[in-house]
$ cat model16.cif   # mmCIF, C-alpha atoms
data_target
loop_
_atom_site.group_PDB
_atom_site.id
_atom_site.type_symbol
_atom_site.label_atom_id
_atom_site.label_comp_id
_atom_site.auth_asym_id
_atom_site.auth_seq_id
_atom_site.Cartn_x
_atom_site.Cartn_y
_atom_site.Cartn_z
ATOM 1 C CA GLN A 1 -18.959 30.317 89.776
ATOM 2 C CA PRO A 2 -19.352 33.135 87.221
ATOM 3 C CA PHE A 3 -19.468 36.830 87.996
ATOM 4 C CA THR A 4 -18.745 40.099 86.245
ATOM 5 C CA LEU A 5 -16.199 42.829 86.907
ATOM 6 C CA GLY A 6 -17.198 45.861 84.911
ATOM 7 C CA PRO A 7 -19.934 46.089 82.293
ATOM 8 C CA THR A 8 -18.480 43.943 79.517
ATOM 9 C CA MET A 9 -16.000 41.479 81.010
ATOM 10 C CA PHE A 10 -17.000 37.969 82.060
ATOM 11 C CA TYR A 11 -14.878 36.220 84.677
ATOM 12 C CA LEU A 12 -14.866 32.834 86.398
ATOM 13 C CA ARG A 13 -13.615 31.802 89.805
ATOM 14 C CA LYS A 14 -12.072 28.361 89.329
ATOM 15 C CA ASN A 15 -9.944 25.813 91.161
ATOM 16 C CA ALA A 16 -6.936 24.319 89.358
ATOM 17 C CA LYS A 17 -3.644 22.536 90.048
ATOM 18 C CA HIS A 18 -0.057 23.330 89.215
ATOM 19 C CA GLU A 19 3.158 21.415 89.927
ATOM 20 C CA LEU A 20 6.072 23.602 90.948
ATOM 21 C CA LEU A 21 9.588 23.370 92.349
ATOM 22 C CA VAL A 22 10.264 25.353 95.515
ATOM 23 C CA PRO A 23 13.982 26.098 96.105
ATOM 24 C CA PRO A 24 15.527 25.487 99.558
ATOM 25 C CA SER A 25 15.976 29.229 100.004
ATOM 26 C CA ALA A 26 12.181 29.546 100.254
ATOM 27 C CA PHE A 27 11.804 27.006 103.068
ATOM 28 C CA GLY A 28 10.704 28.479 106.377
ATOM 29 C CA ARG A 29 7.769 29.786 108.356
ATOM 30 C CA ASP A 30 6.467 31.816 105.418
ATOM 31 C CA LEU A 31 6.426 28.855 103.024
ATOM 32 C CA LYS A 32 2.740 29.119 102.133
ATOM 33 C CA SER A 33 3.015 32.744 100.983
ATOM 34 C CA ARG A 34 6.178 31.898 99.022
ATOM 35 C CA ILE A 35 4.341 29.030 97.290
ATOM 36 C CA LYS A 36 1.565 31.455 96.366
ATOM 37 C CA GLU A 37 4.164 33.836 94.908
ATOM 38 C CA PHE A 38 5.699 31.032 92.828
ATOM 39 C CA VAL A 39 2.301 29.843 91.552
ATOM 40 C CA THR A 40 1.242 33.415 90.729
ATOM 41 C CA ASP A 41 4.473 34.061 88.815
ATOM 42 C CA GLU A 42 4.247 30.799 86.860
ATOM 43 C CA VAL A 43 0.546 30.703 85.951
ATOM 44 C CA GLY A 44 -0.406 34.387 85.890
ATOM 45 C CA GLY A 45 -1.381 35.477 82.369
ATOM 46 C CA THR A 46 -1.265 31.935 80.984
ATOM 47 C CA TYR A 47 -4.116 30.107 79.287
ATOM 48 C CA LEU A 48 -5.396 26.912 80.888
ATOM 49 C CA SER A 49 -7.254 24.611 78.524
ATOM 50 C CA GLY A 50 -10.884 24.317 79.486
ATOM 51 C CA PHE A 51 -10.625 27.132 82.019
ATOM 52 C CA GLY A 52 -9.404 30.380 80.484
ATOM 53 C CA PHE A 53 -6.717 32.998 81.075
ATOM 54 C CA VAL A 54 -5.455 33.305 84.644
ATOM 55 C CA ILE A 55 -6.006 36.910 85.718
ATOM 56 C CA ASN A 56 -5.293 36.651 89.431
ATOM 57 C CA VAL A 57 -4.401 33.875 91.895
ATOM 58 C CA VAL A 58 -6.674 34.303 94.911
ATOM 59 C CA ASP A 59 -5.406 31.518 97.175
ATOM 60 C CA VAL A 60 -3.102 28.493 97.072
ATOM 61 C CA TYR A 61 -3.505 25.092 98.743
ATOM 62 C CA ALA A 62 -0.585 22.666 98.816
ATOM 63 C CA VAL A 63 -0.660 18.853 98.696
ATOM 64 C CA GLY A 64 -3.032 17.494 101.312
ATOM 65 C CA ILE A 65 -5.401 20.470 101.016
ATOM 66 C CA PRO A 66 -7.276 19.568 97.817
ATOM 67 C CA GLU A 67 -10.198 21.998 98.081
ATOM 68 C CA PRO A 68 -10.738 25.446 99.600
ATOM 69 C CA VAL A 69 -12.568 25.388 102.906
ATOM 70 C CA ASP A 70 -15.754 27.270 103.655
ATOM 71 C CA SER A 71 -15.256 31.021 103.926
ATOM 72 C CA ASP A 72 -16.604 30.865 107.519
ATOM 73 C CA ASP A 73 -13.736 28.610 108.591
ATOM 74 C CA PRO A 74 -11.733 30.602 111.212
ATOM 75 C CA ALA A 75 -8.503 28.947 110.087
ATOM 76 C CA ALA A 76 -9.072 30.097 106.497
ATOM 77 C CA LYS A 77 -9.747 33.655 107.633
ATOM 78 C CA ALA A 78 -6.616 33.661 109.776
ATOM 79 C CA GLY A 79 -4.482 32.162 107.003
ATOM 80 C CA SER A 80 -3.297 29.495 109.452
ATOM 81 C CA ARG A 81 -4.062 26.372 107.434
ATOM 82 C CA PRO A 82 -0.858 24.297 107.184
ATOM 83 C CA VAL A 83 1.225 23.514 104.123
ATOM 84 C CA ALA A 84 1.789 19.811 103.487
ATOM 85 C CA LYS A 85 5.340 18.516 103.060
ATOM 86 C CA GLY A 86 6.589 18.342 99.486
ATOM 87 C CA ALA A 87 8.660 15.586 97.878
ATOM 88 C CA ILE A 88 12.336 16.441 97.424
ATOM 89 C CA ASP A 89 13.910 16.508 93.965
ATOM 90 C CA ASN A 90 17.245 14.727 94.445
ATOM 91 C CA ASP A 91 18.900 16.565 91.552
ATOM 92 C CA THR A 92 18.123 20.124 92.670
ATOM 93 C CA GLY A 93 17.221 19.847 96.354
ATOM 94 C CA CYS A 94 13.947 21.635 95.569
ATOM 95 C CA ALA A 95 10.663 20.560 97.070
ATOM 96 C CA ILE A 96 8.018 19.453 94.576
ATOM 97 C CA TYR A 97 4.501 20.657 95.355
ATOM 98 C CA ASP A 98 1.348 19.782 93.450
ATOM 99 C CA ALA A 99 -0.376 22.983 94.503
ATOM 100 C CA SER A 100 -4.112 23.475 94.200
ATOM 101 C CA TYR A 101 -5.142 27.095 93.768
ATOM 102 C CA THR A 102 -8.169 29.282 93.283
ATOM 103 C CA ALA A 103 -7.906 31.907 90.556
ATOM 104 C CA ILE A 104 -9.934 34.498 88.735
ATOM 105 C CA MET A 105 -9.974 33.510 85.059
ATOM 106 C CA PHE A 106 -11.251 35.214 81.940
ATOM 107 C CA ARG A 107 -12.902 33.183 79.209
ATOM 108 C CA PRO A 108 -15.314 34.551 76.589
ATOM 109 C CA PHE A 109 -18.391 32.576 75.549
ATOM 110 C CA VAL A 110 -20.098 32.278 72.177
ATOM 111 C CA GLY A 111 -22.897 34.828 72.030
ATOM 112 C CA GLU A 112 -21.332 37.088 74.634
ATOM 113 C CA VAL A 113 -21.048 40.806 73.854
ATOM 114 C CA VAL A 114 -17.736 42.350 74.927
ATOM 115 C CA GLU A 115 -15.710 45.491 74.310
ATOM 116 C CA GLY A 116 -12.110 45.614 73.148
ATOM 117 C CA VAL A 117 -9.439 47.763 71.533
ATOM 118 C CA VAL A 118 -8.541 47.532 67.835
ATOM 119 C CA SER A 119 -4.951 46.285 67.761
ATOM 120 C CA GLU A 120 -4.502 45.726 64.018
ATOM 121 C CA VAL A 121 -6.287 46.778 60.831
ATOM 122 C CA LEU A 122 -6.032 44.373 57.901
ATOM 123 C CA SER A 123 -7.560 44.188 54.442
ATOM 124 C CA TRP A 124 -9.674 41.197 55.537
ATOM 125 C CA GLY A 125 -10.920 42.743 58.795
ATOM 126 C CA LEU A 126 -9.827 43.682 62.308
ATOM 127 C CA GLN A 127 -7.889 42.224 65.208
ATOM 128 C CA VAL A 128 -9.346 43.315 68.544
ATOM 129 C CA GLU A 129 -7.842 42.767 71.985
ATOM 130 C CA VAL A 130 -10.410 41.917 74.643
ATOM 131 C CA GLY A 131 -8.336 41.713 77.804
ATOM 132 C CA PRO A 132 -5.838 38.877 77.181
ATOM 133 C CA VAL A 133 -7.884 37.492 74.264
ATOM 134 C CA ARG A 134 -7.300 38.450 70.630
ATOM 135 C CA VAL A 135 -10.482 38.396 68.549
ATOM 136 C CA ALA A 136 -10.512 38.249 64.744
ATOM 137 C CA ILE A 137 -13.360 40.043 62.962
ATOM 138 C CA PHE A 138 -13.538 39.150 59.266
ATOM 139 C CA SER A 139 -15.111 41.462 56.712
ATOM 140 C CA VAL A 140 -18.101 39.125 56.248
ATOM 141 C CA ALA A 141 -18.922 39.695 59.927
ATOM 142 C CA MET A 142 -18.872 43.475 59.560
ATOM 143 C CA PRO A 143 -21.290 44.169 56.670
ATOM 144 C CA HIS A 144 -21.587 47.664 55.213
ATOM 145 C CA HIS A 145 -18.077 48.483 56.438
ATOM 146 C CA VAL A 146 -15.670 49.637 53.725
ATOM 147 C CA TYR A 147 -11.918 49.154 53.744
ATOM 148 C CA ASP A 148 -9.876 52.271 52.869
ATOM 149 C CA ALA A 149 -6.581 50.852 51.573
ATOM 150 C CA ALA A 150 -4.959 54.278 51.188
ATOM 151 C CA ARG A 151 -5.444 55.060 54.889
ATOM 152 C CA ASN A 152 -5.456 51.447 56.114
ATOM 153 C CA LEU A 153 -8.689 51.734 58.063
ATOM 154 C CA TRP A 154 -12.273 50.512 57.965
ATOM 155 C CA ARG A 155 -15.221 52.905 57.731
ATOM 156 C CA PHE A 156 -18.921 52.635 58.476
ATOM 157 C CA GLU A 157 -20.844 55.852 57.863
ATOM 158 C CA GLU A 158 -19.011 58.386 60.079
ATOM 159 C CA ASP A 159 -17.169 55.794 62.177
ATOM 160 C CA GLU A 160 -13.557 54.924 61.416
ATOM 161 C CA TYR A 161 -11.683 51.896 62.747
ATOM 162 C CA SER A 162 -7.954 52.518 63.024
ATOM 163 C CA ASP A 163 -5.017 50.999 64.885
ATOM 164 C CA GLN A 164 -3.229 54.364 64.931
ATOM 165 C CA GLU A 165 -5.419 55.608 67.778
ATOM 166 C CA THR A 166 -7.347 54.015 70.627
ATOM 167 C CA THR A 167 -10.462 52.641 68.919
ATOM 168 C CA ILE A 168 -12.846 50.804 71.221
ATOM 169 C CA VAL A 169 -15.448 48.518 69.662
ATOM 170 C CA ARG A 170 -18.320 46.450 70.978
ATOM 171 C CA LEU A 171 -18.523 43.005 69.376
ATOM 172 C CA ARG A 172 -20.294 39.695 69.705
ATOM 173 C CA VAL A 173 -18.323 36.449 70.045
ATOM 174 C CA ILE A 174 -19.536 34.119 67.283
ATOM 175 C CA ASN A 175 -17.036 31.255 67.311
ATOM 176 C CA MET A 176 -14.210 29.818 69.403
ATOM 177 C CA ARG A 177 -11.642 27.101 68.834
ATOM 178 C CA GLU A 178 -9.179 25.716 71.337
ATOM 179 C CA ASP A 179 -6.037 23.660 70.709
ATOM 180 C CA GLU A 180 -2.647 23.074 72.302
ATOM 181 C CA ASN A 181 -1.465 26.517 71.180
ATOM 182 C CA GLY A 182 -4.259 28.486 72.826
ATOM 183 C CA LEU A 183 -7.669 29.970 72.187
ATOM 184 C CA TYR A 184 -8.854 31.355 68.834
ATOM 185 C CA VAL A 185 -11.883 33.649 68.900
ATOM 186 C CA MET A 186 -13.958 35.144 66.080
ATOM 187 C CA GLY A 187 -16.239 38.135 66.536
ATOM 188 C CA SER A 188 -18.903 40.077 64.663
ATOM 189 C CA LEU A 189 -19.970 43.713 64.373
ATOM 190 C CA ASP A 190 -23.247 42.736 62.715
ATOM 191 C CA GLY A 191 -26.022 43.602 65.150
ATOM 192 C CA ASP A 192 -27.757 46.345 67.057
ATOM 193 C CA ALA A 193 -25.507 48.433 69.326
ATOM 194 C CA LEU A 194 -22.361 46.718 67.953
ATOM 195 C CA GLY A 195 -19.493 48.653 66.408
ATOM 196 C CA ARG A 196 -17.323 51.558 67.422
ATOM 197 C CA VAL A 197 -17.948 52.848 70.935
ATOM 198 C CA ARG A 198 -15.365 55.635 70.967
#
$ encode --input "model16.cif" --output "structure tokens"
Amino acid sequence: QPFTLGPTMFYLRKNAKHELLVPPSAFGRDLKSRIKEFVTDEVGGTYLSGFGFVINVVDVYAVGIPEPVDSDDPAAKAGSRPVAKGAIDNDTGCAIYDASYTAIMFRPFVGEVVEGVVSEVLSWGLQVEVGPVRVAIFSVAMPHHVYDAARNLWRFEEDEYSDQETTIVRLRVINMREDENGLYVMGSLDGDALGRVR
């Protein structure tokens, strides 16, 4: 289910799973909230293949609760849904939970226009940080821009692109590639209303 937070960021609300070890010290009445803390700590800020970057864990459902219930469910509103028992790891004494969780994730899409901050200026183009995503903009995707080697910045008419100050640019995502190491995104400044914002 897609939705937007702010004018230029695209987010997704997704369900995913994560296996975690819960130490005996966390066992007790408040186990569900402790499991949520562990899941949040372990998956927050990470990239999940096919999903995106985990921005925030909204809710956690342990083994035996595979899917979130309807928002009108009184038990869900009261936070009283039970936590299923986890298998015990004989070596550590920890409980193993295959926790299902709902999270807000960020993932750009080809053709999407986003804003980001210039993080690095290079002779071949720019590196721009769009939230947790680093976008590469090559010189061929920023026509009419000129690289100033002496000052290590790019110029277009009166606009300057520098990593020595906060330079915000609006770009279009033109290509993405995903592998086991993460997400690689390419952007372009070639188009109406694209380029330096401030």
$ residues_around --input "model16.cif" --residues "Phe38 in chain A" --least-positions-apart "4" --cutoff "9 Å" --atoms "only C-alpha atoms" --output "PyMOL selection string"
chain A and resi 20-22+33-34+42-43
$ closest_residue --input "model16.cif" --among "A:Leu122, A:Cys94, A:Val113, A:Ala103" --to "Arg172 in chain A" --atoms "all atoms listed in the file"
A:Val113
$ closest_residue --input "model16.cif" --among "A:Thr102, A:Ser123, A:Asn56, A:Thr46" --to "Leu153 in chain A" --atoms "all atoms listed in the file"
A:Ser123
$ residues_near_point --input "model16.cif" --point "(-3.4, 33.9, 84.7)" --cutoff "7 Å" --atoms "all atoms listed in the file" --output "list in words"
Val43, Gly44, Gly45, Thr46, Tyr47, Phe53, Val54, Ile55, Asn56 and Met105 of chain A
$ closest_residue --input "model16.cif" --among "A:Arg198, A:Arg177, A:Arg170, A:Lys36" --to "Glu112 in chain A" --atoms "all atoms listed in the file"
A:Arg170
$ build_atoms --input "model16.cif" --residues "range 131-142 of chain A" --atoms "all heavy atoms" --output "PDB file, keeping the file's coordinate frame"
ATOM      1  N   GLY A 131      -9.157  42.201  76.700  1.00  0.00           N
ATOM      2  CA  GLY A 131      -8.336  41.713  77.804  1.00  0.00           C
ATOM      3  C   GLY A 131      -7.163  40.931  77.234  1.00  0.00           C
ATOM      4  O   GLY A 131      -6.471  41.399  76.320  1.00  0.00           O
ATOM      5  N   PRO A 132      -6.939  39.695  77.701  1.00  0.00           N
ATOM      6  CA  PRO A 132      -5.838  38.877  77.181  1.00  0.00           C
ATOM      7  C   PRO A 132      -6.185  38.125  75.901  1.00  0.00           C
ATOM      8  O   PRO A 132      -5.345  37.424  75.348  1.00  0.00           O
ATOM      9  CB  PRO A 132      -5.591  37.893  78.323  1.00  0.00           C
ATOM     10  CG  PRO A 132      -6.941  37.717  78.931  1.00  0.00           C
ATOM     11  CD  PRO A 132      -7.617  39.060  78.840  1.00  0.00           C
ATOM     12  N   VAL A 133      -7.417  38.258  75.416  1.00  0.00           N
ATOM     13  CA  VAL A 133      -7.884  37.492  74.264  1.00  0.00           C
ATOM     14  C   VAL A 133      -7.828  38.346  73.002  1.00  0.00           C
ATOM     15  O   VAL A 133      -8.258  39.503  72.996  1.00  0.00           O
ATOM     16  CB  VAL A 133      -9.332  37.004  74.478  1.00  0.00           C
ATOM     17  CG1 VAL A 133      -9.824  36.227  73.268  1.00  0.00           C
ATOM     18  CG2 VAL A 133      -9.423  36.153  75.731  1.00  0.00           C
ATOM     19  N   ARG A 134      -7.293  37.777  71.926  1.00  0.00           N
ATOM     20  CA  ARG A 134      -7.300  38.450  70.630  1.00  0.00           C
ATOM     21  C   ARG A 134      -8.449  37.884  69.790  1.00  0.00           C
ATOM     22  O   ARG A 134      -8.550  36.678  69.608  1.00  0.00           O
ATOM     23  CB  ARG A 134      -5.974  38.269  69.908  1.00  0.00           C
ATOM     24  CG  ARG A 134      -5.973  38.826  68.494  1.00  0.00           C
ATOM     25  CD  ARG A 134      -4.572  38.974  67.937  1.00  0.00           C
ATOM     26  NE  ARG A 134      -3.916  40.140  68.483  1.00  0.00           N
ATOM     27  CZ  ARG A 134      -2.886  40.756  67.896  1.00  0.00           C
ATOM     28  NH1 ARG A 134      -2.405  40.316  66.760  1.00  0.00           N
ATOM     29  NH2 ARG A 134      -2.328  41.801  68.459  1.00  0.00           N
ATOM     30  N   VAL A 135      -9.302  38.786  69.314  1.00  0.00           N
ATOM     31  CA  VAL A 135     -10.482  38.396  68.549  1.00  0.00           C
ATOM     32  C   VAL A 135     -10.325  38.845  67.107  1.00  0.00           C
ATOM     33  O   VAL A 135      -9.986  40.007  66.842  1.00  0.00           O
ATOM     34  CB  VAL A 135     -11.760  39.023  69.148  1.00  0.00           C
ATOM     35  CG1 VAL A 135     -12.987  38.603  68.354  1.00  0.00           C
ATOM     36  CG2 VAL A 135     -11.910  38.634  70.615  1.00  0.00           C
ATOM     37  N   ALA A 136     -10.559  37.931  66.169  1.00  0.00           N
ATOM     38  CA  ALA A 136     -10.512  38.249  64.744  1.00  0.00           C
ATOM     39  C   ALA A 136     -11.920  38.544  64.244  1.00  0.00           C
ATOM     40  O   ALA A 136     -12.842  37.761  64.487  1.00  0.00           O
ATOM     41  CB  ALA A 136      -9.907  37.087  63.958  1.00  0.00           C
ATOM     42  N   ILE A 137     -12.079  39.690  63.564  1.00  0.00           N
ATOM     43  CA  ILE A 137     -13.360  40.043  62.962  1.00  0.00           C
ATOM     44  C   ILE A 137     -13.143  40.123  61.448  1.00  0.00           C
ATOM     45  O   ILE A 137     -12.456  41.033  60.962  1.00  0.00           O
ATOM     46  CB  ILE A 137     -13.888  41.387  63.487  1.00  0.00           C
ATOM     47  CG1 ILE A 137     -13.970  41.375  65.014  1.00  0.00           C
ATOM     48  CG2 ILE A 137     -15.258  41.686  62.897  1.00  0.00           C
ATOM     49  CD1 ILE A 137     -14.412  42.703  65.606  1.00  0.00           C
ATOM     50  N   PHE A 138     -13.695  39.175  60.713  1.00  0.00           N
ATOM     51  CA  PHE A 138     -13.538  39.150  59.266  1.00  0.00           C
ATOM     52  C   PHE A 138     -14.565  40.070  58.609  1.00  0.00           C
ATOM     53  O   PHE A 138     -15.619  40.365  59.186  1.00  0.00           O
ATOM     54  CB  PHE A 138     -13.679  37.723  58.745  1.00  0.00           C
ATOM     55  CG  PHE A 138     -12.531  36.827  59.140  1.00  0.00           C
ATOM     56  CD1 PHE A 138     -12.582  36.100  60.327  1.00  0.00           C
ATOM     57  CD2 PHE A 138     -11.413  36.732  58.343  1.00  0.00           C
ATOM     58  CE1 PHE A 138     -11.527  35.281  60.696  1.00  0.00           C
ATOM     59  CE2 PHE A 138     -10.345  35.916  58.705  1.00  0.00           C
ATOM     60  CZ  PHE A 138     -10.404  35.191  59.887  1.00  0.00           C
ATOM     61  N   SER A 139     -14.256  40.492  57.410  1.00  0.00           N
ATOM     62  CA  SER A 139     -15.111  41.462  56.712  1.00  0.00           C
ATOM     63  C   SER A 139     -16.550  40.968  56.550  1.00  0.00           C
ATOM     64  O   SER A 139     -17.489  41.763  56.577  1.00  0.00           O
ATOM     65  CB  SER A 139     -14.518  41.796  55.338  1.00  0.00           C
ATOM     66  OG  SER A 139     -14.365  40.624  54.552  1.00  0.00           O
ATOM     67  N   VAL A 140     -16.738  39.655  56.402  1.00  0.00           N
ATOM     68  CA  VAL A 140     -18.101  39.125  56.248  1.00  0.00           C
ATOM     69  C   VAL A 140     -18.919  39.307  57.522  1.00  0.00           C
ATOM     70  O   VAL A 140     -20.150  39.259  57.484  1.00  0.00           O
ATOM     71  CB  VAL A 140     -18.072  37.633  55.855  1.00  0.00           C
ATOM     72  CG1 VAL A 140     -17.477  37.453  54.480  1.00  0.00           C
ATOM     73  CG2 VAL A 140     -17.313  36.806  56.898  1.00  0.00           C
ATOM     74  N   ALA A 141     -18.228  39.509  58.655  1.00  0.00           N
ATOM     75  CA  ALA A 141     -18.922  39.695  59.927  1.00  0.00           C
ATOM     76  C   ALA A 141     -19.055  41.168  60.291  1.00  0.00           C
ATOM     77  O   ALA A 141     -19.460  41.496  61.405  1.00  0.00           O
ATOM     78  CB  ALA A 141     -18.184  38.952  61.040  1.00  0.00           C
ATOM     79  N   MET A 142     -18.700  42.040  59.355  1.00  0.00           N
ATOM     80  CA  MET A 142     -18.872  43.475  59.560  1.00  0.00           C
ATOM     81  C   MET A 142     -19.445  44.091  58.282  1.00  0.00           C
ATOM     82  O   MET A 142     -18.778  44.876  57.597  1.00  0.00           O
ATOM     83  CB  MET A 142     -17.566  44.143  59.990  1.00  0.00           C
ATOM     84  CG  MET A 142     -16.322  43.659  59.257  1.00  0.00           C
ATOM     85  SD  MET A 142     -14.770  44.205  60.015  1.00  0.00           S
ATOM     86  CE  MET A 142     -14.824  45.962  59.780  1.00  0.00           C
TER      87      MET A 142
END
